[in-house]
Structure formats: C-alpha cells, structure tokens
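> So that you have it, the file is coords23.csv, and it contains CSV, C-alpha atoms:
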chain,number,residue,atom,x,y,z
L,1,MET,CA,0.0,0.0,0.0
L,2,LEU,CA,2.8,2.4,1.0
L,3,ALA,CA,4.6,1.5,-2.2
L,4,SER,CA,1.6,2.4,-4.3
L,5,VAL,CA,1.2,5.8,-2.5
L,6,ARG,CA,4.9,6.5,-3.1
L,7,ALA,CA,4.6,5.6,-6.8
L,8,PHE,CA,1.5,7.7,-7.1
L,9,LEU,CA,3.3,10.7,-5.5
L,10,ALA,CA,6.4,10.2,-7.6
L,11,VAL,CA,4.3,10.3,-10.8
L,12,TRP,CA,2.5,13.5,-9.7
L,13,THR,CA,5.8,15.1,-8.7
L,14,LEU,CA,7.1,14.5,-12.2
L,15,ILE,CA,4.0,15.8,-13.8
L,16,VAL,CA,4.0,19.0,-11.7
L,17,ALA,CA,7.7,19.5,-12.3
L,18,ALA,CA,7.3,19.2,-16.0
L,19,GLY,CA,4.6,21.8,-16.0
L,20,MET,CA,6.6,24.2,-13.9
L,21,PHE,CA,9.7,24.0,-16.1
L,22,ARG,CA,7.9,24.1,-19.4
L,23,GLY,CA,8.2,27.6,-20.8
L,24,CYS,CA,10.8,28.7,-18.3
L,25,GLY,CA,13.8,28.0,-20.4
L,26,PRO,CA,15.4,30.4,-22.8
L,27,LEU,CA,13.3,31.5,-25.8
L,28,PRO,CA,14.0,29.6,-28.9
L,29,THR,CA,16.4,31.3,-31.2
L,30,PRO,CA,14.7,32.3,-34.4
L,31,THR,CA,16.5,31.0,-37.4
L,32,THR,CA,17.2,33.8,-39.9
L,33,SER,CA,18.6,33.9,-43.4
L,34,PRO,CA,20.5,36.9,-44.9
L,35,THR,CA,18.6,36.4,-48.1
L,36,VAL,CA,15.0,36.2,-46.7
L,37,ALA,CA,13.3,39.3,-45.5
L,38,PRO,CA,11.3,38.8,-42.3
L,39,ALA,CA,7.8,40.0,-42.8
L,40,ILE,CA,5.8,41.5,-40.0
L,41,GLY,CA,3.0,42.9,-42.0
L,42,ALA,CA,2.0,39.4,-42.7
L,43,ALA,CA,-1.7,39.6,-43.4
L,44,PRO,CA,-1.8,41.2,-46.9
L,45,THR,CA,1.1,39.1,-48.1
L,46,ALA,CA,-1.4,36.2,-48.5
L,47,VAL,CA,-3.0,38.0,-51.4
L,48,ALA,CA,-2.6,35.9,-54.6
L,49,PHE,CA,-2.0,37.8,-57.8
L,50,PRO,CA,-3.4,36.7,-61.1
L,51,GLU,CA,-1.0,34.4,-62.9
L,52,GLY,CA,1.2,36.3,-65.3
L,53,ALA,CA,0.1,39.8,-64.3
L,54,PRO,CA,2.9,42.3,-64.3
L,55,VAL,CA,3.8,43.6,-60.9
L,56,LEU,CA,5.0,47.0,-59.9
L,57,THR,CA,7.0,47.0,-56.7
L,58,ILE,CA,7.3,50.1,-54.5
L,59,ALA,CA,9.9,50.0,-51.8
L,60,HIS,CA,9.3,52.8,-49.3
L,61,THR,CA,10.3,54.6,-46.1
L,62,ASN,CA,9.0,57.5,-44.0
L,63,ASP,CA,10.2,59.5,-41.0
L,64,VAL,CA,13.7,58.2,-41.1
L,65,ARG,CA,14.9,61.6,-39.8
L,66,GLY,CA,18.4,61.2,-41.1
L,67,GLU,CA,18.9,58.2,-38.8
L,68,VAL,CA,22.1,56.4,-39.9
L,69,ASP,CA,22.1,53.4,-37.6
L,70,PRO,CA,18.8,52.9,-35.7
L,71,CYS,CA,20.0,49.7,-34.1
L,72,GLY,CA,23.5,51.0,-33.1
F,1,MET,CA,20.9,52.9,-43.5
F,2,ALA,CA,23.5,50.4,-44.8
F,3,ARG,CA,21.2,47.6,-44.0
F,4,ARG,CA,18.4,49.3,-45.9
F,5,ALA,CA,20.7,49.5,-48.9
F,6,ASN,CA,21.3,45.8,-48.6
F,7,ALA,CA,17.6,45.0,-48.4
F,8,LEU,CA,16.9,47.2,-51.4
F,9,GLN,CA,19.6,45.4,-53.3
F,10,SER,CA,17.9,42.0,-52.4
F,11,ILE,CA,14.6,43.3,-53.7
F,12,ARG,CA,16.2,44.5,-57.0
F,13,GLN,CA,17.8,41.1,-57.5
F,14,GLY,CA,14.6,39.3,-56.7
F,15,ILE,CA,12.4,41.0,-59.3
F,16,ASP,CA,14.8,41.0,-62.2
F,17,ASP,CA,13.5,43.5,-64.8
F,18,ALA,CA,10.1,44.1,-63.3
F,19,PRO,CA,9.4,47.8,-62.5
F,20,LEU,CA,10.6,49.1,-59.1
F,21,LEU,CA,10.2,52.5,-57.5
F,22,VAL,CA,11.9,53.6,-54.3
F,23,LEU,CA,10.1,56.3,-52.4
F,24,ASP,CA,10.2,58.2,-49.1
F,25,ALA,CA,7.2,59.9,-47.6
F,26,GLY,CA,9.0,62.7,-45.9
F,27,ASN,CA,11.2,63.7,-42.9
F,28,ALA,CA,14.1,61.9,-44.5
F,29,LEU,CA,17.1,64.2,-44.7
F,30,LEU,CA,17.6,66.0,-41.4
F,31,GLY,CA,16.9,65.1,-37.8
F,32,TYR,CA,19.6,63.1,-36.0
F,33,GLY,CA,23.3,63.7,-35.4
F,34,THR,CA,25.5,63.5,-38.4
F,35,SER,CA,22.8,64.0,-40.9
F,36,TYR,CA,21.6,67.2,-39.4
F,37,GLU,CA,25.2,68.5,-38.8
F,38,GLN,CA,26.0,67.8,-42.4
F,39,GLY,CA,22.9,69.6,-43.6
F,40,GLY,CA,21.3,66.5,-45.1
F,41,ALA,CA,24.2,65.9,-47.4
F,42,LEU,CA,25.0,62.4,-46.0
F,43,THR,CA,21.4,61.3,-46.3
F,44,ARG,CA,21.0,62.7,-49.7
F,45,GLU,CA,24.1,61.0,-51.0
F,46,ALA,CA,23.0,57.7,-49.4
F,47,MET,CA,19.6,57.9,-50.9
F,48,ASP,CA,21.2,58.5,-54.3
F,49,LEU,CA,23.3,55.4,-53.8
F,50,MET,CA,20.2,53.4,-52.8
F,51,GLY,CA,18.4,54.5,-56.0
F,52,TYR,CA,15.6,56.5,-54.5
F,53,ASP,CA,13.3,58.0,-57.1
F,54,ALA,CA,11.4,60.5,-55.1
F,55,MET,CA,10.7,61.9,-51.6
F,56,ALA,CA,8.0,64.1,-50.2
F,57,VAL,CA,8.9,67.2,-48.1
F,58,GLY,CA,8.2,66.9,-44.4
F,59,GLY,CA,8.7,69.4,-41.6
F,60,VAL,CA,12.0,67.9,-40.4
F,61,ASP,CA,13.4,68.3,-43.9
F,62,LEU,CA,12.8,72.1,-43.6
F,63,GLU,CA,14.5,72.7,-40.2
F,64,LEU,CA,17.4,74.4,-41.9
F,65,GLY,CA,15.0,76.4,-44.2
F,66,VAL,CA,13.2,76.0,-47.4
F,67,ALA,CA,16.1,77.5,-49.3
F,68,HIS,CA,18.5,75.1,-47.8
F,69,LEU,CA,16.4,72.1,-48.8
F,70,ARG,CA,16.1,73.6,-52.2
F,71,SER,CA,19.9,73.5,-52.5
F,72,VAL,CA,20.0,69.9,-51.3
F,73,ALA,CA,17.3,68.9,-53.8
F,74,ASP,CA,19.3,70.5,-56.6
F,75,GLU,CA,22.1,68.0,-55.8
F,76,ALA,CA,19.8,65.0,-55.5
F,77,GLY,CA,19.3,62.4,-58.1
F,78,PHE,CA,15.8,61.9,-56.9
F,79,ALA,CA,12.7,64.2,-57.0
F,80,VAL,CA,11.9,66.2,-53.9
F,81,LEU,CA,8.1,66.8,-54.1
F,82,SER,CA,5.6,69.1,-52.5
F,83,ALA,CA,2.5,70.4,-54.3
F,84,ASN,CA,1.2,72.4,-51.3
F,85,LEU,CA,4.3,74.3,-50.1
F,86,VAL,CA,4.4,77.6,-52.0
F,87,SER,CA,6.1,80.9,-52.0
F,88,ARG,CA,4.0,83.8,-50.5
F,89,ASP,CA,5.5,86.1,-53.1
F,90,THR,CA,4.9,84.1,-56.2
F,91,GLY,CA,2.3,81.5,-55.2
F,92,LEU,CA,4.6,78.9,-56.9
F,93,PRO,CA,5.9,75.8,-55.2
F,94,PRO,CA,9.7,75.8,-54.6
F,95,PHE,CA,9.7,72.0,-55.2
F,96,SER,CA,8.2,70.0,-58.0
F,97,PRO,CA,4.5,69.3,-57.2
F,98,TYR,CA,4.7,65.9,-58.9
F,99,VAL,CA,6.8,63.7,-61.1
F,100,ILE,CA,5.9,61.1,-63.7
F,101,ILE,CA,8.2,58.2,-63.8
F,102,GLN,CA,8.0,55.6,-66.5
F,103,ARG,CA,9.5,52.3,-65.7
F,104,ALA,CA,9.2,49.1,-67.8
F,105,GLY,CA,6.4,50.7,-69.7
F,106,VAL,CA,4.4,51.7,-66.7
F,107,ARG,CA,3.8,55.4,-66.2
F,108,VAL,CA,3.6,56.3,-62.5
F,109,GLY,CA,2.5,59.7,-61.4
F,110,ILE,CA,3.8,60.6,-57.9
F,111,LEU,CA,2.4,63.7,-56.2
F,112,GLY,CA,3.9,65.0,-53.0
F,113,LEU,CA,2.1,66.6,-50.0
F,114,THR,CA,3.5,68.3,-47.0
F,115,GLU,CA,1.9,68.6,-43.5
F,116,ASP,CA,0.3,71.9,-42.4
F,117,THR,CA,2.8,72.4,-39.6
F,118,ALA,CA,5.9,71.8,-41.7
F,119,LEU,CA,7.1,75.4,-41.6
F,120,ASP,CA,7.1,75.7,-37.8
F,121,GLN,CA,10.8,75.2,-37.4
F,122,ALA,CA,11.9,76.6,-40.8
F,123,PRO,CA,14.1,79.8,-40.4
F,124,ASP,CA,12.6,81.3,-43.6
F,125,ALA,CA,9.0,80.3,-42.8
F,126,GLU,CA,7.7,83.8,-43.3
F,127,ARG,CA,8.4,83.6,-47.1
F,128,TYR,CA,6.3,80.4,-47.6
F,129,GLU,CA,3.0,78.8,-46.7
F,130,VAL,CA,1.4,75.4,-46.8
F,131,LEU,CA,-1.8,75.2,-48.7
F,132,ALA,CA,-4.8,73.0,-47.8
F,133,TYR,CA,-4.5,69.4,-48.9
F,134,ASP,CA,-7.8,69.1,-50.5
F,135,ALA,CA,-7.6,72.3,-52.6
F,136,THR,CA,-4.1,71.3,-53.7
F,137,LEU,CA,-5.1,67.9,-54.8
F,138,ALA,CA,-8.1,69.4,-56.7
F,139,ALA,CA,-5.7,71.6,-58.6
F,140,TYR,CA,-3.2,68.8,-59.6
F,141,ILE,CA,-4.9,65.4,-59.6
F,142,ASP,CA,-6.4,65.6,-63.1
F,143,ASP,CA,-3.1,66.7,-64.6
F,144,VAL,CA,-1.2,63.9,-62.9
F,145,ALA,CA,-3.8,61.2,-63.7
F,146,SER,CA,-4.0,62.2,-67.4
F,147,GLN,CA,-0.3,61.5,-67.8
F,148,SER,CA,-0.1,58.3,-65.7
F,149,ASP,CA,-1.2,54.7,-65.6
F,150,LEU,CA,-1.4,54.9,-61.9
F,151,VAL,CA,-1.2,57.7,-59.3
F,152,VAL,CA,0.8,57.5,-56.0
F,153,LEU,CA,0.1,60.1,-53.3
F,154,LEU,CA,3.4,60.5,-51.5
F,155,SER,CA,2.1,62.1,-48.4
F,156,HIS,CA,3.5,63.5,-45.1
F,157,VAL,CA,0.1,64.8,-44.0
F,158,GLY,CA,-0.8,61.9,-41.7
F,159,LEU,CA,-3.0,58.8,-41.8
F,160,GLN,CA,-6.3,60.5,-41.0
F,161,ASP,CA,-6.0,63.0,-43.8
F,162,ASP,CA,-4.6,60.3,-46.1
F,163,LYS,CA,-7.8,58.4,-45.6
F,164,LEU,CA,-10.0,61.4,-46.3
F,165,LEU,CA,-8.1,62.3,-49.5
F,166,ALA,CA,-8.2,58.7,-50.7
F,167,GLU,CA,-12.0,58.7,-50.1
F,168,THR,CA,-12.4,62.0,-52.0
F,169,TYR,CA,-10.2,61.4,-55.0
F,170,ASP,CA,-10.8,58.2,-57.0
F,171,ALA,CA,-7.8,58.9,-59.1
F,172,ILE,CA,-5.5,58.2,-56.2
F,173,ASP,CA,-4.4,54.5,-56.6
F,174,VAL,CA,-1.9,54.2,-53.7
F,175,VAL,CA,-1.0,56.3,-50.7
F,176,ILE,CA,2.6,56.0,-49.4
F,177,GLY,CA,2.2,57.9,-46.1
F,178,GLY,CA,4.2,59.4,-43.2
F,179,ARG,CA,4.1,61.8,-40.3
F,180,ASN,CA,2.5,59.5,-37.7
F,181,ALA,CA,5.6,57.3,-37.8
F,182,ARG,CA,3.2,54.5,-36.9
F,183,ARG,CA,4.0,51.1,-38.3
F,184,LEU,CA,0.7,49.7,-39.6
F,185,LEU,CA,0.2,46.0,-39.2
F,186,ALA,CA,-1.7,45.9,-42.5
F,187,PRO,CA,-2.5,48.5,-45.1
F,188,GLU,CA,-5.5,50.7,-44.5
F,189,SER,CA,-7.9,50.5,-47.5
F,190,VAL,CA,-10.2,53.3,-48.5
F,191,ASN,CA,-12.3,52.8,-51.7
F,192,GLY,CA,-9.9,50.0,-52.7
F,193,THR,CA,-6.9,52.4,-52.3
F,194,PRO,CA,-4.1,50.9,-50.1
F,195,ILE,CA,-2.6,53.3,-47.6
F,196,VAL,CA,0.7,52.2,-46.0
F,197,GLN,CA,3.0,53.8,-43.4
F,198,LEU,CA,6.0,52.6,-41.4
F,199,GLY,CA,7.5,53.5,-38.0
F,200,ALA,CA,10.3,56.0,-37.5
F,201,ARG,CA,14.1,56.0,-37.8
F,202,GLY,CA,14.4,53.7,-40.7
F,203,GLU,CA,14.0,50.5,-38.7
F,204,ASP,CA,11.9,49.0,-41.4
F,205,LEU,CA,11.5,49.0,-45.2
F,206,GLY,CA,8.1,48.7,-46.8
F,207,ARG,CA,7.5,46.6,-49.9
F,208,LEU,CA,4.2,47.2,-51.7
F,209,GLU,CA,3.5,45.0,-54.7
F,210,ILE,CA,0.8,46.0,-57.1
F,211,ALA,CA,-0.5,43.6,-59.8
F,212,LEU,CA,-1.4,45.4,-63.0
F,213,ASP,CA,-3.9,44.5,-65.8
F,214,GLY,CA,-3.3,44.9,-69.5
F,215,ASP,CA,-3.8,48.6,-69.3
F,216,ASN,CA,-1.3,48.9,-66.4
F,217,ARG,CA,-4.1,49.6,-64.0
F,218,PRO,CA,-3.9,48.1,-60.5
F,219,ILE,CA,-6.0,45.1,-59.8
F,220,ALA,CA,-4.5,43.8,-56.5
F,221,SER,CA,-1.9,44.6,-54.0
F,222,ARG,CA,0.0,43.1,-51.1
F,223,TRP,CA,2.3,44.6,-48.5
F,224,GLN,CA,5.3,43.5,-46.5
F,225,VAL,CA,7.2,45.3,-43.7
F,226,ILE,CA,10.8,44.2,-43.7
F,227,ALA,CA,12.4,44.7,-40.3
F,228,LEU,CA,16.0,45.7,-40.9
F,229,GLY,CA,17.5,43.5,-38.2
F,230,PRO,CA,21.1,42.3,-37.9
F,231,GLU,CA,20.4,39.5,-40.4
F,232,PHE,CA,20.9,42.2,-43.1
F,233,ALA,CA,24.6,42.8,-43.5
F,234,ASP,CA,25.7,46.4,-44.1
F,235,ASP,CA,26.0,47.4,-47.7
F,236,PRO,CA,29.7,48.2,-48.0
F,237,GLU,CA,29.3,51.3,-50.2
F,238,VAL,CA,26.8,53.0,-47.9
F,239,ALA,CA,28.7,51.9,-44.8
F,240,SER,CA,31.8,53.5,-46.3
F,241,LEU,CA,29.9,56.7,-47.0
F,242,VAL,CA,28.6,56.9,-43.5
F,243,HIS,CA,32.1,56.3,-42.1
F,244,ARG,CA,33.6,59.1,-44.3
F,245,TYR,CA,31.0,61.6,-43.1
F,246,ARG,CA,31.5,60.6,-39.5
F,247,VAL,CA,35.2,61.0,-39.7
F,248,ALA,CA,34.7,64.4,-41.4
F,249,ALA,CA,32.3,65.4,-38.6
F,250,GLN,CA,34.8,64.5,-35.9
F,251,SER,CA,37.7,66.3,-37.7
F,252,PRO,CA,38.8,69.4,-35.7
F,253,THR,CA,39.7,71.2,-38.9
F,254,SER,CA,36.6,70.8,-40.9
F,255,SER,CA,33.2,69.1,-41.1
F,256,THR,CA,32.1,70.4,-44.4
F,257,GLU,CA,30.3,68.4,-47.0
F,258,ALA,CA,33.0,69.0,-49.6
F,259,GLU,CA,35.7,67.5,-47.4
F,260,ALA,CA,33.5,64.6,-46.4
F,261,ALA,CA,32.9,63.8,-50.0
F,262,ASP,CA,36.6,63.7,-50.9
Rewrite the coordinates I just gave you, this time as structure tokens.


Amino acid sequence: MLASVRAFLAVWTLIVAAGMFRGCGPLPTPTTSPTVAPAIGAAPTAVAFPEGAPVLTIAHTNDVRGEVDPCG
Amino acid sequence: MARRANALQSIRQGIDDAPLLVLDAGNALLGYGTSYEQGGALTREAMDLMGYDAMAVGGVDLELGVAHLRSVADEAGFAVLSANLVSRDTGLPPFSPYVIIQRAGVRVGILGLTEDTALDQAPDAERYEVLAYDATLAAYIDDVASQSDLVVLLSHVGLQDDKLLAETYDAIDVVIGGRNARRLLAPESVNGTPIVQLGARGEDLGRLEIALDGDNRPIASRWQVIALGPEFADDPEVASLVHRYRVAAQSPTSSTEAEAAD
C-alpha cells in the first residue's frame, strides 16, 4: 500500500515539475537567413496575384529623420 | 541605413527586370546627429546610392530652411516633391509638385504633399505657406492622372487626412504615407486604395507590390514590412559613405560636405 502511494506521489511530482519547467527555459532562437526578409506585415502578403500579371514594386520609407544606424 | 541599402539590393535582384520604385514619404534628410550637422548631405548621398526615385517634403526636412532644402534637392538624383508648399511672393511651389516616372512601360504619377505644420521650425518660414491638402489635390490630380497609368500620393500629412483624401479622389491609386511614424500592421484600405506607413528612424523597409492589368491599372496589392535586423549585412558602399561623413564630422579642422565627400 505504502509503495503504491509513493509511486503515485512520484508520478505526480514528475507531472507538476514538468509543468513548472515548461516555458521557463530560454526562448527559442529564431532562425534567420540573410537572403530572406522577415515579414511582420503578414496579413496582406497572402493576397494571390493573377498568374502572369505584371507587378510594380514600390519600396518605401518614411520619417527616417536622417537616422544612420537605428540599431546602433 | 547600410542595412536598408542591402535590403533594397535584395529586392532588386529578386524582381529582375520588373518595375521598381523607391520612395520616401518625408522627414528623411535631417533630424539626427551627423545627418543634421552635415545639412542633409549624407542622407541625400546615401539615398542616391540606394536609388531613391522621389521623396515628399516633411517638416523635419525644412529645419534648416526651405532655401537650404532647395539646395540639397538640386544635388539629389531623386525628385523632392511638395505640391502644397508655396512661396508667399509668387504662389509657386519651390519644389516639384509631382513627377511622372516611366518604368518598364508603366507610367507612375507621384504627387507630394507636406503637412500643415511643416514650416514651424523653418528659419525662412515667413516667405512660404502650406496650402490646404484638398484644394491642392483638386488643382493637380487631373493633370497627374492624365499623364499616368497609376497615381501615387506620396504624403506627409498623416493617416487621417490620407484616408479622407483617398476617399475623396478616386484617381489616387496608392498612398505612401508618413508623419504619424506609426507602423501599420496591414494597409488601410479606402475605396480600394491601399494606404501604407512605417514606423520611424528607418528601422523598417516597406515593400508594396501592385499587380497590373493589360492597361497597367492596379488590380490587386500586397504589402510586406521588412524589419531591418542584424540578419541584413551592411552594404559596404553605404557603410563606407557613413564612415567618411562621421570622420569628417569629428575632424577638428573641418566638417564640411566638400571635405567629407573627398
């Protein structure tokens, strides 16, 4: 009987410990590629274009304020 | 800035011969540190290297005066646009109101607008005024539209007014906006006209793709915000330019543009 109780407690201890530690580790490191631009305006990128339609691309900025190195 | 140059290069390589425009919606040239101290010369030269086609005039660009920005614009390889900033003496705009750029057979009309408070810090403000957005568009939009397949409003008037203008003028096909420095999560859409705007300081690069029909009219669009994180290496040419200007700025003998550009 005592062995059963000990086994039961041991299992619950493992379950609780697993739950406590889950998510407490370091955040996963995002994998990045120098050639792939990370998109954060994701919603409209799902728009499908008609096949073969010519595409005009506009690259744009605003309010840069002469900033040379925003992450420096 | 050097990362942006790299990202633009990646876009150019990815689209081959398809038409590309590079635009800035204002408050580009002056502002922080070296760029301000060098009177916008560093930013202007970097924007030339990056292949910018046009920018709108914003209030920060006028902090050294309209005449100063005019002199910078004279050196620039891109168009500096404002349809509603005019001389009080002549009523004429000191900058081009709009430009028509033809690329790969597509004629794009780009019309610039400046915010109503843009002259607040300009030392020569008394000689100029900023006209109402709506009246300015009414004066120019038909001219621009008649020469273009598609019309871009390059605007530093802010999102709320951008929406009103897009609602009022059907001829506007796209609004590339600024002023709020608010990174939109998705384009605003008014009457089918996409309105886009990024955050401040050049932390992002926007990429708007517009599918065209057989008459080069827009039929669909999609937008991507490219965060210019460390995964983008510095473009060596722009990085070298920045270095030269920084060295010149720290020089005890001179910090002039001419010496920086040597």

> With all atoms listed in the file as the counted atoms, please give the residues lying no more than 9 Å from segment 135-145 of chain F, apart from itself and same-chain residues fewer than 2 positions off, as a list in words.

Ala83, Asn84, Pro97, Tyr98, Val99, Ile100, Val108, Gly109, Ile110, Leu111, Leu113, Leu131, Ala132, Tyr133, Gln147, Ser148, Asp149, Leu150, Val151, Leu165, Tyr169, Ala171 and Ile172 of chain F

> Taking all atoms listed in the file into account, which of F:Gly206, F:Pro19, F:Pro236, F:Gly33 comes nearest Ala59 of chain L?

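When distances to Ala59 of chain L are compared using all atoms listed in the file, the smallest one comes from F:Gly206.
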
> Can you pull out the residues contacting Ala28 of chain F? Cut-off 8 Å, using only C-alpha atoms, and skip same-chain residues under 2 positions away; I want them as a ChimeraX atom specification.

/L:62-66 /F:24-26,30-31,43,55,58,60-61

> Show me, as AutoDock Vina command-line options, the centre and edge lengths in Å to one decimal of the axis-aligned box that covers every listed atom of segment 187-192 of chain F with 4 Å on each side.


--center_x -7.4 --center_y 50.9 --center_z -48.6 --size_x 17.8 --size_y 12.8 --size_z 16.2

> Provide the atom CA of Val80 of chain F to atom CA of Gly177 of chain F distance in Å, to one decimal place.

15.0 Å

> Give the answer as one residue: which of F:Phe232, F:Tyr52, F:Phe95, F:Phe78 has the shortest atom-to-atom distance to Thr61 of chain L, using only C-alpha atoms?

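Under the stated criterion, the closest residue is F:Tyr52.
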
> Could you tell me how far atom CA of Gly39 of chain F sits from atom CA of Arg207 of chain F, in Å to one decimal place?

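Atom CA of Gly39 of chain F lies 28.4 Å from atom CA of Arg207 of chain F.
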
> Using only C-alpha atoms, which residues sit within 12 Å of Glu63 of chain F once same-chain residues fewer than 2 positions away are excluded, as JSON, numbers by chain?

{"L": [65], "F": [27, 28, 29, 30, 31, 32, 36, 37, 39, 40, 57, 58, 59, 60, 61, 65, 66, 67, 68, 69, 117, 118, 119, 120, 121, 122, 123, 124, 125]}

> Any chance you can output those residues with C-alpha atoms as an mmCIF file, keeping the file's coordinate frame?


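Listing of out_22.cif after writing:
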data_model
loop_
_atom_site.group_PDB
_atom_site.id
_atom_site.type_symbol
_atom_site.label_atom_id
_atom_site.label_comp_id
_atom_site.auth_asym_id
_atom_site.auth_seq_id
_atom_site.Cartn_x
_atom_site.Cartn_y
_atom_site.Cartn_z
ATOM 1 C CA ARG L 65 14.900 61.600 -39.800
ATOM 2 C CA ASN F 27 11.200 63.700 -42.900
ATOM 3 C CA ALA F 28 14.100 61.900 -44.500
ATOM 4 C CA LEU F 29 17.100 64.200 -44.700
ATOM 5 C CA LEU F 30 17.600 66.000 -41.400
ATOM 6 C CA GLY F 31 16.900 65.100 -37.800
ATOM 7 C CA TYR F 32 19.600 63.100 -36.000
ATOM 8 C CA TYR F 36 21.600 67.200 -39.400
ATOM 9 C CA GLU F 37 25.200 68.500 -38.800
ATOM 10 C CA GLY F 39 22.900 69.600 -43.600
ATOM 11 C CA GLY F 40 21.300 66.500 -45.100
ATOM 12 C CA VAL F 57 8.900 67.200 -48.100
ATOM 13 C CA GLY F 58 8.200 66.900 -44.400
ATOM 14 C CA GLY F 59 8.700 69.400 -41.600
ATOM 15 C CA VAL F 60 12.000 67.900 -40.400
ATOM 16 C CA ASP F 61 13.400 68.300 -43.900
ATOM 17 C CA GLY F 65 15.000 76.400 -44.200
ATOM 18 C CA VAL F 66 13.200 76.000 -47.400
ATOM 19 C CA ALA F 67 16.100 77.500 -49.300
ATOM 20 C CA HIS F 68 18.500 75.100 -47.800
ATOM 21 C CA LEU F 69 16.400 72.100 -48.800
ATOM 22 C CA THR F 117 2.800 72.400 -39.600
ATOM 23 C CA ALA F 118 5.900 71.800 -41.700
ATOM 24 C CA LEU F 119 7.100 75.400 -41.600
ATOM 25 C CA ASP F 120 7.100 75.700 -37.800
ATOM 26 C CA GLN F 121 10.800 75.200 -37.400
ATOM 27 C CA ALA F 122 11.900 76.600 -40.800
ATOM 28 C CA PRO F 123 14.100 79.800 -40.400
ATOM 29 C CA ASP F 124 12.600 81.300 -43.600
ATOM 30 C CA ALA F 125 9.000 80.300 -42.800
#

> If I take atom CA of Gly192 of chain F and atom CA of Val130 of chain F, how far is one from the other in Å, to one decimal?

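A separation of 28.4 Å between them.
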
> Which residues, written as a PyMOL selection string, have at least one atom at most 10 Å from Gly158 of chain F, with only C-alpha atoms counted and residues fewer than 5 positions away on the same chain left out?

chain F and resi 113-115+163+177-182+197

> Leaving out Asp234 of chain F and any residue of its chain fewer than 3 positions from it, which residues lie within 10 Å of it when counting all atoms listed in the file, given as an MDAnalysis selection string?

chainID F and resid 1:7 230:231 237:240

> May I ask which of the residues F:Ile11, F:Leu85, F:Val22, F:Met50 is the closest one to chain L, counting only C-alpha atoms?

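Checking each candidate against chain L, we get F:Val22 as the closest.
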
> Quick one: of F:Leu21, F:Ala41, F:Ile101, F:Val190, who's nearest to chain L, counting all atoms listed in the file?

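Closest to chain L, using all atoms listed in the file: F:Leu21.
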
> Sorted by chain and rising residue number, list the residues of segment 130-235 of chain F at most 12 Å from segment 51-56 of chain L (counting all atoms listed in the file), each with its closest atom pair and distance in Å to one decimal, as JSON lines.


{"residue": "F:Asp149", "atom": "CA", "partner": "L:Leu56", "partner_atom": "CA", "distance": 11.4}
{"residue": "F:Leu150", "atom": "CA", "partner": "L:Leu56", "partner_atom": "CA", "distance": 10.4}
{"residue": "F:Val152", "atom": "CA", "partner": "L:Leu56", "partner_atom": "CA", "distance": 12.0}
{"residue": "F:Val174", "atom": "CA", "partner": "L:Leu56", "partner_atom": "CA", "distance": 11.7}
{"residue": "F:Arg207", "atom": "CA", "partner": "L:Leu56", "partner_atom": "CA", "distance": 10.3}
{"residue": "F:Leu208", "atom": "CA", "partner": "L:Leu56", "partner_atom": "CA", "distance": 8.2}
{"residue": "F:Glu209", "atom": "CA", "partner": "L:Leu56", "partner_atom": "CA", "distance": 5.8}
{"residue": "F:Ile210", "atom": "CA", "partner": "L:Leu56", "partner_atom": "CA", "distance": 5.1}
{"residue": "F:Ala211", "atom": "CA", "partner": "L:Val55", "partner_atom": "CA", "distance": 4.4}
{"residue": "F:Leu212", "atom": "CA", "partner": "L:Pro54", "partner_atom": "CA", "distance": 5.5}
{"residue": "F:Asp213", "atom": "CA", "partner": "L:Ala53", "partner_atom": "CA", "distance": 6.4}
{"residue": "F:Gly214", "atom": "CA", "partner": "L:Ala53", "partner_atom": "CA", "distance": 8.0}
{"residue": "F:Asp215", "atom": "CA", "partner": "L:Pro54", "partner_atom": "CA", "distance": 10.5}
{"residue": "F:Asn216", "atom": "CA", "partner": "L:Pro54", "partner_atom": "CA", "distance": 8.1}
{"residue": "F:Arg217", "atom": "CA", "partner": "L:Pro54", "partner_atom": "CA", "distance": 10.1}
{"residue": "F:Pro218", "atom": "CA", "partner": "L:Val55", "partner_atom": "CA", "distance": 8.9}
{"residue": "F:Ile219", "atom": "CA", "partner": "L:Ala53", "partner_atom": "CA", "distance": 9.2}
{"residue": "F:Ala220", "atom": "CA", "partner": "L:Val55", "partner_atom": "CA", "distance": 9.4}
{"residue": "F:Ser221", "atom": "CA", "partner": "L:Val55", "partner_atom": "CA", "distance": 9.0}
{"residue": "F:Arg222", "atom": "CA", "partner": "L:Val55", "partner_atom": "CA", "distance": 10.5}
{"residue": "F:Trp223", "atom": "CA", "partner": "L:Leu56", "partner_atom": "CA", "distance": 12.0}
